[in-house]
>>> print(open('structure.pdb').read())   # PDB, C-alpha atoms
ATOM      1  CA  MET A  12     -85.161 -44.213 -35.540
ATOM      2  CA  LYS A  13     -87.701 -44.529 -32.749
ATOM      3  CA  ASP A  14     -87.212 -48.319 -32.746
ATOM      4  CA  LEU A  15     -83.552 -47.822 -31.915
ATOM      5  CA  GLN A  16     -84.312 -45.992 -28.671
ATOM      6  CA  PRO A  17     -83.692 -48.248 -25.668
ATOM      7  CA  ASN A  18     -86.594 -48.903 -23.359
ATOM      8  CA  ILE A  19     -84.719 -49.077 -20.100
ATOM      9  CA  LEU A  20     -87.650 -50.158 -17.961
ATOM     10  CA  ASN A  21     -88.280 -53.267 -20.075
ATOM     11  CA  ASP A  22     -85.026 -55.029 -19.273
ATOM     12  CA  TYR A  23     -84.696 -58.298 -17.377
ATOM     13  CA  GLU A  24     -83.654 -56.737 -14.077
ATOM     14  CA  HIS A  25     -86.653 -54.405 -13.958
ATOM     15  CA  LEU A  26     -88.986 -57.145 -15.150
ATOM     16  CA  ILE A  27     -88.148 -59.321 -12.138
ATOM     17  CA  THR A  28     -88.034 -56.534  -9.539
ATOM     18  CA  ARG A  29     -91.362 -55.065 -10.711
ATOM     19  CA  ALA A  30     -92.960 -58.526 -10.556
ATOM     20  CA  ILE A  31     -91.714 -58.981  -6.986
ATOM     21  CA  GLU A  32     -93.004 -55.545  -5.990
ATOM     22  CA  ARG A  33     -96.352 -56.046  -7.695
ATOM     23  CA  TRP A  34     -97.233 -59.623  -6.762
ATOM     24  CA  GLY A  35     -94.799 -60.404  -3.931
ATOM     25  CA  GLU A  36     -97.547 -60.439  -1.281
ATOM     26  CA  GLU A  37     -99.751 -62.987  -3.043
ATOM     27  CA  GLU A  38     -99.740 -66.453  -1.551
ATOM     28  CA  ASP A  39     -98.993 -68.335  -4.787
ATOM     29  CA  PHE A  40     -96.001 -66.091  -5.608
ATOM     30  CA  PRO A  41     -92.585 -67.835  -5.435
ATOM     31  CA  VAL A  42     -90.897 -67.435  -2.041
ATOM     32  CA  LEU A  43     -87.323 -66.228  -1.649
ATOM     33  CA  GLU A  44     -86.295 -68.974   0.799
ATOM     34  CA  GLY A  45     -82.883 -68.757   2.444
ATOM     35  CA  LEU A  46     -81.788 -65.993   0.094
ATOM     36  CA  GLU A  47     -81.311 -62.318   0.752
ATOM     37  CA  ARG A  48     -82.938 -59.657  -1.385
ATOM     38  CA  LYS A  49     -79.548 -57.930  -1.761
ATOM     39  CA  ALA A  50     -78.062 -61.119  -3.234
ATOM     40  CA  LEU A  51     -80.959 -61.275  -5.702
ATOM     41  CA  ASP A  52     -80.495 -57.616  -6.627
ATOM     42  CA  ASP A  53     -76.775 -58.199  -7.193
ATOM     43  CA  TYR A  54     -77.511 -61.267  -9.322
ATOM     44  CA  LEU A  55     -80.076 -59.382 -11.420
ATOM     45  CA  PHE A  56     -77.705 -56.439 -11.852
ATOM     46  CA  GLU A  57     -74.910 -58.729 -13.065
ATOM     47  CA  TYR A  58     -77.334 -60.600 -15.349
ATOM     48  CA  GLN A  59     -78.482 -57.326 -16.899
ATOM     49  CA  ARG A  60     -74.892 -56.080 -17.200
ATOM     50  CA  ILE A  61     -74.021 -59.169 -19.237
ATOM     51  CA  LEU A  62     -77.103 -58.715 -21.442
ATOM     52  CA  ASP A  63     -76.201 -55.066 -22.029
ATOM     53  CA  SER A  64     -72.503 -55.706 -22.647
ATOM     54  CA  GLU A  65     -72.908 -55.662 -26.420
ATOM     55  CA  GLY A  66     -74.198 -52.103 -26.349
ATOM     56  CA  SER A  67     -77.294 -50.415 -27.653
ATOM     57  CA  GLN A  68     -78.871 -51.448 -30.926
ATOM     58  CA  LYS A  69     -77.579 -48.265 -32.516
ATOM     59  CA  ALA A  70     -74.006 -49.031 -31.422
ATOM     60  CA  GLN A  71     -74.301 -52.607 -32.673
ATOM     61  CA  LEU A  72     -75.551 -51.511 -36.087
ATOM     62  CA  THR A  73     -72.720 -49.018 -36.347
ATOM     63  CA  LYS A  74     -70.074 -51.530 -35.287
ATOM     64  CA  TYR A  75     -71.218 -54.344 -37.558
ATOM     65  CA  GLY A  76     -71.825 -51.940 -40.448
ATOM     66  CA  ILE A  77     -68.237 -50.717 -40.224
ATOM     67  CA  ILE A  78     -66.975 -54.296 -40.059
ATOM     68  CA  ALA A  79     -69.074 -55.176 -43.128
ATOM     69  CA  ILE A  80     -67.647 -52.360 -45.280
ATOM     70  CA  LEU A  81     -63.990 -52.786 -44.262
ATOM     71  CA  PRO A  82     -63.248 -55.448 -46.930
ATOM     72  CA  VAL A  83     -64.774 -53.197 -49.600
ATOM     73  CA  ILE A  84     -62.528 -50.336 -48.503
ATOM     74  CA  VAL A  85     -59.456 -52.579 -48.509
ATOM     75  CA  LEU A  86     -60.287 -54.020 -51.946
ATOM     76  CA  SER A  87     -60.837 -50.542 -53.368
ATOM     77  CA  ALA A  88     -57.207 -49.683 -52.626
ATOM     78  CA  PHE A  89     -56.048 -52.057 -55.366
ATOM     79  CA  PRO A  90     -56.614 -51.827 -59.110
ATOM     80  CA  GLU A  91     -59.282 -54.129 -60.454
ATOM     81  CA  SER A  92     -56.743 -56.028 -62.555
ATOM     82  CA  MET A  93     -54.807 -57.115 -59.433
ATOM     83  CA  LEU A  94     -57.826 -58.585 -57.672
ATOM     84  CA  PRO A  95     -58.668 -62.265 -58.112
ATOM     85  CA  TRP A  96     -62.382 -61.585 -58.780
ATOM     86  CA  GLY A  97     -61.906 -58.820 -61.357
ATOM     87  CA  LYS A  98     -65.082 -56.850 -61.922
ATOM     88  CA  TYR A  99     -66.892 -58.854 -59.236
ATOM     89  CA  SER A 100     -64.548 -57.639 -56.495
ATOM     90  CA  LEU A 101     -67.118 -55.238 -55.065
ATOM     91  CA  ILE A 102     -69.668 -58.022 -54.700
ATOM     92  CA  ALA A 103     -67.032 -60.307 -53.196
ATOM     93  CA  GLY A 104     -65.973 -57.561 -50.768
ATOM     94  CA  VAL A 105     -69.560 -57.020 -49.632
ATOM     95  CA  ALA A 106     -70.070 -60.778 -49.216
ATOM     96  CA  ILE A 107     -66.840 -61.133 -47.216
ATOM     97  CA  GLY A 108     -67.759 -58.134 -45.072
ATOM     98  CA  VAL A 109     -71.236 -59.409 -44.292
ATOM     99  CA  ALA A 110     -69.874 -62.876 -43.515
ATOM    100  CA  LEU A 111     -67.250 -61.357 -41.226
ATOM    101  CA  ALA A 112     -69.841 -59.202 -39.423
ATOM    102  CA  LEU A 113     -72.138 -62.206 -38.968
ATOM    103  CA  LEU A 114     -69.253 -64.318 -37.684
ATOM    104  CA  ILE A 115     -68.291 -61.693 -35.120
ATOM    105  CA  LYS A 116     -71.944 -61.218 -34.093
ATOM    106  CA  GLY A 117     -72.244 -64.977 -33.597
ATOM    107  CA  LEU A 118     -69.101 -65.106 -31.491
ATOM    108  CA  VAL A 119     -70.324 -62.229 -29.334
ATOM    109  CA  MET A 120     -73.667 -63.979 -28.846
ATOM    110  CA  LEU A 121     -71.891 -67.184 -27.837
ATOM    111  CA  LEU A 122     -69.735 -65.254 -25.386
ATOM    112  CA  ILE A 123     -72.792 -63.625 -23.817
ATOM    113  CA  ARG A 124     -74.552 -66.984 -23.580
ATOM    114  CA  ALA A 125     -71.484 -68.553 -21.944
ATOM    115  CA  ARG A 126     -71.201 -65.714 -19.431
ATOM    116  CA  LEU A 127     -74.899 -66.018 -18.542
ATOM    117  CA  SER A 128     -74.538 -69.756 -18.162
ATOM    118  CA  ARG A 129     -71.543 -69.278 -15.880
ATOM    119  CA  LEU A 130     -73.472 -66.752 -13.777
ATOM    120  CA  LYS A 131     -76.451 -69.098 -13.500
ATOM    121  CA  SER A 132     -74.284 -72.065 -12.516
ATOM    122  CA  ALA A 133     -72.517 -69.960  -9.871
ATOM    123  CA  ASN A 134     -75.891 -68.881  -8.399
ATOM    124  CA  PRO A 135     -78.327 -71.740  -9.026
ATOM    125  CA  GLU A 136     -80.805 -70.750  -6.291
ATOM    126  CA  LEU A 137     -81.042 -67.164  -7.519
ATOM    127  CA  ALA A 138     -81.343 -68.286 -11.145
ATOM    128  CA  GLU A 139     -84.127 -70.698 -10.258
ATOM    129  CA  TYR A 140     -85.980 -68.074  -8.231
ATOM    130  CA  SER A 141     -85.753 -65.449 -10.952
ATOM    131  CA  SER A 142     -86.982 -67.930 -13.568
ATOM    132  CA  LYS A 143     -89.932 -68.829 -11.299
ATOM    133  CA  VAL A 144     -90.769 -65.142 -10.900
ATOM    134  CA  GLU A 145     -90.531 -64.645 -14.659
ATOM    135  CA  GLU A 146     -92.834 -67.592 -15.298
ATOM    136  CA  TYR A 147     -95.249 -66.368 -12.643
ATOM    137  CA  GLN A 148     -95.409 -62.981 -14.350
ATOM    138  CA  ARG A 149     -95.985 -64.572 -17.765
ATOM    139  CA  ASN A 150     -98.925 -66.559 -16.350
ATOM    140  CA  LYS A 151    -100.549 -63.483 -14.783
TER     141      LYS A 151
END
>>> encode(input="structure.pdb", output="structure tokens")
Amino acid sequence: MKDLQPNILNDYEHLITRAIERWGEEEDFPVLEGLERKALDDYLFEYQRILDSEGSQKAQLTKYGIIAILPVIVLSAFPESMLPWGKYSLIAGVAIGVALALLIKGLVMLLIRARLSRLKSANPELAEYSSKVEEYQRNK
């Protein structure tokens, strides 16, 4: 269960702000030209809010696990003779549930990606600066 514990200080917002605080005075560090620090902080907060919108890993596993077992529960309400798959109904229910959970997970991921893309296109200077800071930190 230790892997499911969130590490709050390793998120994107803290990654960028810590890099600015740590290496911001070096001469080869990217410069925040024509932009305010408050605007960058607001951008990073919104970026992180979008990344965190799906919830913790524990919440995600719970949500998708429930979605995956719902078809099994529904199929168990009917006698085996009424179901089109007969004795393979349990396997079919599990397969349908997993497919449904994966479909919903994919849609949520696409929604998050679209929201991030929209945020980046609305703030191109801030997005470019934060990506430069991220790359600078990776190279250090």
>>> atom_distance(input="structure.pdb", atom1="atom CA of A:His25", atom2="atom CA of A:Thr73")
26.9 Å
>>> residues_around(input="structure.pdb", residues="A:Lys131", least_positions_apart="2", cutoff="12 Å", atoms="only C-alpha atoms", output="list in words")
Leu51, Tyr54, Leu55, Glu57, Tyr58, Ile61, Arg124, Ala125, Arg126, Leu127, Ser128, Arg129, Ala133, Asn134, Pro135, Glu136, Leu137, Ala138, Glu139, Tyr140, Ser141 and Ser142 of chain A
>>> atom_distance(input="structure.pdb", atom1="atom CA of A:Leu72", atom2="atom CA of A:Ala110")
14.7 Å
>>> closest_residue(input="structure.pdb", among="A:Leu43, A:Val83, A:Ala30, A:Leu111", to="A:Tyr99", atoms="all atoms listed in the file")
A:Val83
>>> closest_residue(input="structure.pdb", among="A:Gly104, A:Gly117, A:Gly76, A:Pro41", to="A:Val144", atoms="only C-alpha atoms")
A:Pro41
>>> atom_distance(input="structure.pdb", atom1="atom CA of A:Lys116", atom2="atom CA of A:Tyr23")
21.2 Å
>>> closest_residue(input="structure.pdb", among="A:Glu44, A:Asp39, A:Glu91, A:Asp53", to="A:Asn150", atoms="only C-alpha atoms")
A:Asp39
>>> axis_aligned_box(input="structure.pdb", around="stretch 29-33 of chain A", padding_each_side="6 Å", output="AutoDock Vina command-line options")
--center_x -93.9 --center_y -57.0 --center_z -8.4 --size_x 17.0 --size_y 15.9 --size_z 16.7
>>> resolve_selection(input="structure.pdb", expression="the PyMOL selection byres ((chain A and resi 85) around 12)", output="list of chain:residue names")
A:Ile78, A:Ala79, A:Ile80, A:Leu81, A:Pro82, A:Val83, A:Ile84, A:Leu86, A:Ser87, A:Ala88, A:Phe89, A:Pro90, A:Leu94, A:Ser100, A:Leu101, A:Ala103, A:Gly104, A:Val105, A:Ile107, A:Gly108
>>> write_last_selection(input="structure.pdb", atoms="C-alpha atoms", output="PDB file, keeping the file's coordinate frame")
ATOM      1  CA  ILE A  78     -66.975 -54.296 -40.059  1.00  0.00           C
ATOM      2  CA  ALA A  79     -69.074 -55.176 -43.128  1.00  0.00           C
ATOM      3  CA  ILE A  80     -67.647 -52.360 -45.280  1.00  0.00           C
ATOM      4  CA  LEU A  81     -63.990 -52.786 -44.262  1.00  0.00           C
ATOM      5  CA  PRO A  82     -63.248 -55.448 -46.930  1.00  0.00           C
ATOM      6  CA  VAL A  83     -64.774 -53.197 -49.600  1.00  0.00           C
ATOM      7  CA  ILE A  84     -62.528 -50.336 -48.503  1.00  0.00           C
ATOM      8  CA  LEU A  86     -60.287 -54.020 -51.946  1.00  0.00           C
ATOM      9  CA  SER A  87     -60.837 -50.542 -53.368  1.00  0.00           C
ATOM     10  CA  ALA A  88     -57.207 -49.683 -52.626  1.00  0.00           C
ATOM     11  CA  PHE A  89     -56.048 -52.057 -55.366  1.00  0.00           C
ATOM     12  CA  PRO A  90     -56.614 -51.827 -59.110  1.00  0.00           C
ATOM     13  CA  LEU A  94     -57.826 -58.585 -57.672  1.00  0.00           C
ATOM     14  CA  SER A 100     -64.548 -57.639 -56.495  1.00  0.00           C
ATOM     15  CA  LEU A 101     -67.118 -55.238 -55.065  1.00  0.00           C
ATOM     16  CA  ALA A 103     -67.032 -60.307 -53.196  1.00  0.00           C
ATOM     17  CA  GLY A 104     -65.973 -57.561 -50.768  1.00  0.00           C
ATOM     18  CA  VAL A 105     -69.560 -57.020 -49.632  1.00  0.00           C
ATOM     19  CA  ILE A 107     -66.840 -61.133 -47.216  1.00  0.00           C
ATOM     20  CA  GLY A 108     -67.759 -58.134 -45.072  1.00  0.00           C
TER      21      GLY A 108
END
>>> residues_near_point(input="structure.pdb", point="(-97.9, -60.4, -10.3)", cutoff="9 Å", atoms="all atoms listed in the file", output="PDB file with C-alpha atoms, in the coordinates of the input")
ATOM      1  CA  ARG A  29     -91.362 -55.065 -10.711  1.00  0.00           C
ATOM      2  CA  ALA A  30     -92.960 -58.526 -10.556  1.00  0.00           C
ATOM      3  CA  ILE A  31     -91.714 -58.981  -6.986  1.00  0.00           C
ATOM      4  CA  GLU A  32     -93.004 -55.545  -5.990  1.00  0.00           C
ATOM      5  CA  ARG A  33     -96.352 -56.046  -7.695  1.00  0.00           C
ATOM      6  CA  TRP A  34     -97.233 -59.623  -6.762  1.00  0.00           C
ATOM      7  CA  GLY A  35     -94.799 -60.404  -3.931  1.00  0.00           C
ATOM      8  CA  GLU A  37     -99.751 -62.987  -3.043  1.00  0.00           C
ATOM      9  CA  PHE A  40     -96.001 -66.091  -5.608  1.00  0.00           C
ATOM     10  CA  VAL A 144     -90.769 -65.142 -10.900  1.00  0.00           C
ATOM     11  CA  TYR A 147     -95.249 -66.368 -12.643  1.00  0.00           C
ATOM     12  CA  GLN A 148     -95.409 -62.981 -14.350  1.00  0.00           C
ATOM     13  CA  ARG A 149     -95.985 -64.572 -17.765  1.00  0.00           C
ATOM     14  CA  ASN A 150     -98.925 -66.559 -16.350  1.00  0.00           C
ATOM     15  CA  LYS A 151    -100.549 -63.483 -14.783  1.00  0.00           C
TER      16      LYS A 151
END
>>> closest_residue(input="structure.pdb", among="A:Pro95, A:Leu114, A:Leu26, A:Met120", to="A:Phe56", atoms="all atoms listed in the file")
A:Leu26
>>> closest_residue(input="structure.pdb", among="A:Ile27, A:Leu130, A:Leu113, A:Leu121", to="A:Arg48", atoms="all atoms listed in the file")
A:Ile27
